[in-house]
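Colleague: Can you keep this structure in mind? I'll have questions shortly.
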Amino acid sequence: MNHRARPITADDYKNFDFIFGMDENNIRDIKRMAPKNSTAKIELLGDYDPEGPCIIRDPYYDGDEGFEEVYQQCVRCCKAFLDKES
């Protein structure tokens, strides 16, 4: 997938089946922005991490080693999510 980070739009809530947040603040904001006709399921990505924890910390605050840790956590979560959905 060719991807570039961008803000969530109202269309995302009907064009995507899932929208993931990394922590409770993300989830709260994503739900608050959801239009009435939203069909997307909003979940914590970290809920799929077989090793836990369910919160994916912003690596900006953890120094250089934080980025690798968050990357590995996201890979585990995405793999577990895709395995569940297939």
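Here's how to read the names in the structure tokens: chain A, B, ... by the order shown, residue numbers from 1 in each chain, ligand numbers from 1 in the order shown.
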Excluding Asp49 in chain A and any residue of its chain fewer than 3 positions from it, enumerate the residues within 8 Å of it, using only C-alpha atoms, and give them as an MDAnalysis selection string.
Modeller: chainID A and resid 45:46 52:54 73:74 76:77 80
Colleague: Can you work out which one of A:Arg6, A:Lys84, A:Arg57, A:Lys79 has the shortest atom-to-atom distance to Asp23 in chain A, counting only C-alpha atoms?
Modeller: A:Arg57
Colleague: Pick out the residues sitting within 12 Å of Asn26 in chain A, and hand them over as a ChimeraX atom specification; count only C-alpha atoms, and ignore anything fewer than 3 positions along from it in its own chain.
Modeller: /A:8,19-23,29-33,42-45,55-58
Colleague: Emit the selected residues as a short mmCIF file (atom, residue, chain, number, x, y, z; two decimals), in the first residue's frame, including all heavy atoms.
Modeller:
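So the final result, stored in selection-v7.cif, reads:
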```cif
data_model
loop_
_atom_site.label_atom_id
_atom_site.label_comp_id
_atom_site.auth_asym_id
_atom_site.auth_seq_id
_atom_site.Cartn_x
_atom_site.Cartn_y
_atom_site.Cartn_z
N ILE A 8 -7.53 11.99 10.02
CA ILE A 8 -8.72 11.21 9.72
C ILE A 8 -9.79 12.15 9.17
O ILE A 8 -9.95 13.27 9.64
CB ILE A 8 -9.24 10.51 11.00
CG1 ILE A 8 -8.23 9.48 11.48
CG2 ILE A 8 -10.60 9.87 10.76
CD1 ILE A 8 -8.57 8.86 12.82
N ILE A 19 -10.84 1.54 12.30
CA ILE A 19 -9.94 2.67 12.56
C ILE A 19 -9.31 2.38 13.91
O ILE A 19 -10.01 2.13 14.89
CB ILE A 19 -10.69 4.01 12.58
CG1 ILE A 19 -11.32 4.29 11.21
CG2 ILE A 19 -9.74 5.14 12.99
CD1 ILE A 19 -12.16 5.54 11.15
N PHE A 20 -7.99 2.38 13.95
CA PHE A 20 -7.26 2.04 15.17
C PHE A 20 -6.66 3.27 15.81
O PHE A 20 -6.15 4.16 15.13
CB PHE A 20 -6.12 1.05 14.85
CG PHE A 20 -6.61 -0.29 14.42
CD1 PHE A 20 -6.52 -0.67 13.09
CD2 PHE A 20 -7.15 -1.18 15.33
CE1 PHE A 20 -6.97 -1.91 12.67
CE2 PHE A 20 -7.60 -2.42 14.93
CZ PHE A 20 -7.51 -2.79 13.59
N GLY A 21 -6.69 3.28 17.13
CA GLY A 21 -5.99 4.27 17.92
C GLY A 21 -4.90 3.59 18.72
O GLY A 21 -4.91 2.36 18.90
N MET A 22 -3.96 4.36 19.19
CA MET A 22 -2.82 3.81 19.94
C MET A 22 -3.00 3.88 21.45
O MET A 22 -2.35 3.14 22.17
CB MET A 22 -1.54 4.54 19.55
CG MET A 22 -1.21 4.47 18.09
SD MET A 22 -1.02 2.77 17.53
CE MET A 22 -0.20 3.02 15.98
N ASP A 23 -3.85 4.78 21.92
CA ASP A 23 -4.10 4.89 23.36
C ASP A 23 -5.52 5.40 23.59
O ASP A 23 -6.24 5.68 22.63
CB ASP A 23 -3.05 5.76 24.05
CG ASP A 23 -3.01 7.19 23.55
OD1 ASP A 23 -4.07 7.74 23.16
OD2 ASP A 23 -1.92 7.79 23.55
N ASP A 29 -10.75 10.68 20.98
CA ASP A 29 -10.80 11.68 19.91
C ASP A 29 -11.41 11.11 18.63
O ASP A 29 -12.21 11.78 17.96
CB ASP A 29 -9.40 12.22 19.62
CG ASP A 29 -8.83 13.05 20.76
OD1 ASP A 29 -9.62 13.50 21.63
OD2 ASP A 29 -7.60 13.24 20.79
N ILE A 30 -11.05 9.89 18.28
CA ILE A 30 -11.59 9.26 17.07
C ILE A 30 -13.10 9.08 17.20
O ILE A 30 -13.85 9.34 16.25
CB ILE A 30 -10.88 7.91 16.81
CG1 ILE A 30 -9.41 8.15 16.42
CG2 ILE A 30 -11.60 7.12 15.72
CD1 ILE A 30 -8.56 6.89 16.45
N LYS A 31 -13.56 8.63 18.35
CA LYS A 31 -15.00 8.46 18.57
C LYS A 31 -15.72 9.81 18.55
O LYS A 31 -16.83 9.92 18.01
CB LYS A 31 -15.26 7.73 19.88
CG LYS A 31 -14.92 6.26 19.81
CD LYS A 31 -15.19 5.56 21.13
CE LYS A 31 -14.93 4.07 21.00
NZ LYS A 31 -15.16 3.36 22.27
N ARG A 32 -15.11 10.82 19.14
CA ARG A 32 -15.72 12.15 19.18
C ARG A 32 -15.89 12.72 17.76
O ARG A 32 -16.87 13.39 17.46
CB ARG A 32 -14.86 13.09 20.02
CG ARG A 32 -15.41 14.50 20.16
CD ARG A 32 -14.50 15.41 20.97
NE ARG A 32 -13.09 15.35 20.62
CZ ARG A 32 -12.52 15.96 19.56
NH1 ARG A 32 -13.26 16.67 18.75
NH2 ARG A 32 -11.23 15.85 19.34
N MET A 33 -14.96 12.43 16.88
CA MET A 33 -14.99 12.94 15.51
C MET A 33 -15.90 12.14 14.60
O MET A 33 -16.22 12.59 13.50
CB MET A 33 -13.57 12.92 14.92
CG MET A 33 -12.63 13.88 15.59
SD MET A 33 -10.87 13.68 15.14
CE MET A 33 -10.89 13.10 13.48
N ILE A 42 -14.04 1.08 15.82
CA ILE A 42 -12.93 1.82 16.40
C ILE A 42 -12.35 0.99 17.53
O ILE A 42 -13.06 0.62 18.46
CB ILE A 42 -13.41 3.20 16.90
CG1 ILE A 42 -13.95 4.01 15.72
CG2 ILE A 42 -12.28 3.94 17.61
CD1 ILE A 42 -14.75 5.24 16.11
N GLU A 43 -11.05 0.68 17.43
CA GLU A 43 -10.40 -0.20 18.40
C GLU A 43 -8.99 0.27 18.72
O GLU A 43 -8.37 0.98 17.93
CB GLU A 43 -10.30 -1.62 17.86
CG GLU A 43 -11.61 -2.29 17.61
CD GLU A 43 -11.44 -3.74 17.17
OE1 GLU A 43 -10.31 -4.15 16.82
OE2 GLU A 43 -12.44 -4.46 17.18
N LEU A 44 -8.50 -0.18 19.89
CA LEU A 44 -7.08 -0.01 20.22
C LEU A 44 -6.28 -1.04 19.43
O LEU A 44 -6.58 -2.25 19.51
CB LEU A 44 -6.84 -0.26 21.70
CG LEU A 44 -7.05 0.87 22.67
CD1 LEU A 44 -6.96 0.37 24.11
CD2 LEU A 44 -6.05 1.98 22.44
N LEU A 45 -5.30 -0.61 18.68
CA LEU A 45 -4.47 -1.56 17.94
C LEU A 45 -3.77 -2.51 18.91
O LEU A 45 -3.66 -3.71 18.66
CB LEU A 45 -3.43 -0.81 17.09
CG LEU A 45 -2.50 -1.69 16.27
CD1 LEU A 45 -3.27 -2.55 15.27
CD2 LEU A 45 -1.46 -0.84 15.54
N ILE A 55 -1.56 -0.57 25.27
CA ILE A 55 -1.29 0.82 24.90
C ILE A 55 0.03 0.88 24.12
O ILE A 55 1.04 0.33 24.55
CB ILE A 55 -1.19 1.73 26.15
CG1 ILE A 55 -2.51 1.72 26.92
CG2 ILE A 55 -0.79 3.16 25.77
CD1 ILE A 55 -3.72 2.15 26.12
N ILE A 56 -0.02 1.54 22.98
CA ILE A 56 1.19 1.76 22.18
C ILE A 56 1.63 3.19 22.45
O ILE A 56 0.97 4.15 22.05
CB ILE A 56 0.92 1.51 20.68
CG1 ILE A 56 0.48 0.06 20.49
CG2 ILE A 56 2.17 1.84 19.87
CD1 ILE A 56 0.07 -0.29 19.08
N ARG A 57 2.75 3.30 23.15
CA ARG A 57 3.25 4.62 23.56
C ARG A 57 3.82 5.39 22.37
O ARG A 57 4.36 4.80 21.45
CB ARG A 57 4.37 4.46 24.60
CG ARG A 57 3.88 4.00 25.95
CD ARG A 57 5.02 3.83 26.94
NE ARG A 57 6.00 4.90 26.94
CZ ARG A 57 5.90 6.05 27.63
NH1 ARG A 57 4.85 6.26 28.37
NH2 ARG A 57 6.85 6.95 27.58
N ASP A 58 3.71 6.70 22.45
CA ASP A 58 4.32 7.56 21.45
C ASP A 58 5.83 7.47 21.62
O ASP A 58 6.36 7.85 22.67
CB ASP A 58 3.83 8.99 21.66
CG ASP A 58 4.31 9.94 20.57
OD1 ASP A 58 5.32 9.64 19.90
OD2 ASP A 58 3.68 10.99 20.41
#
```
Colleague: Using only C-alpha atoms, determine which residues lie at most 10 Å from Ala40 in chain A, disregarding the query and same-chain residues fewer than 5 positions distant; provide the list as a list in words.
Modeller: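 The filter keeps Asp12, Tyr13, Lys14, Asn15, Phe16, Asp17, Phe18, Ile19, Phe20 and Ala34 of chain A.
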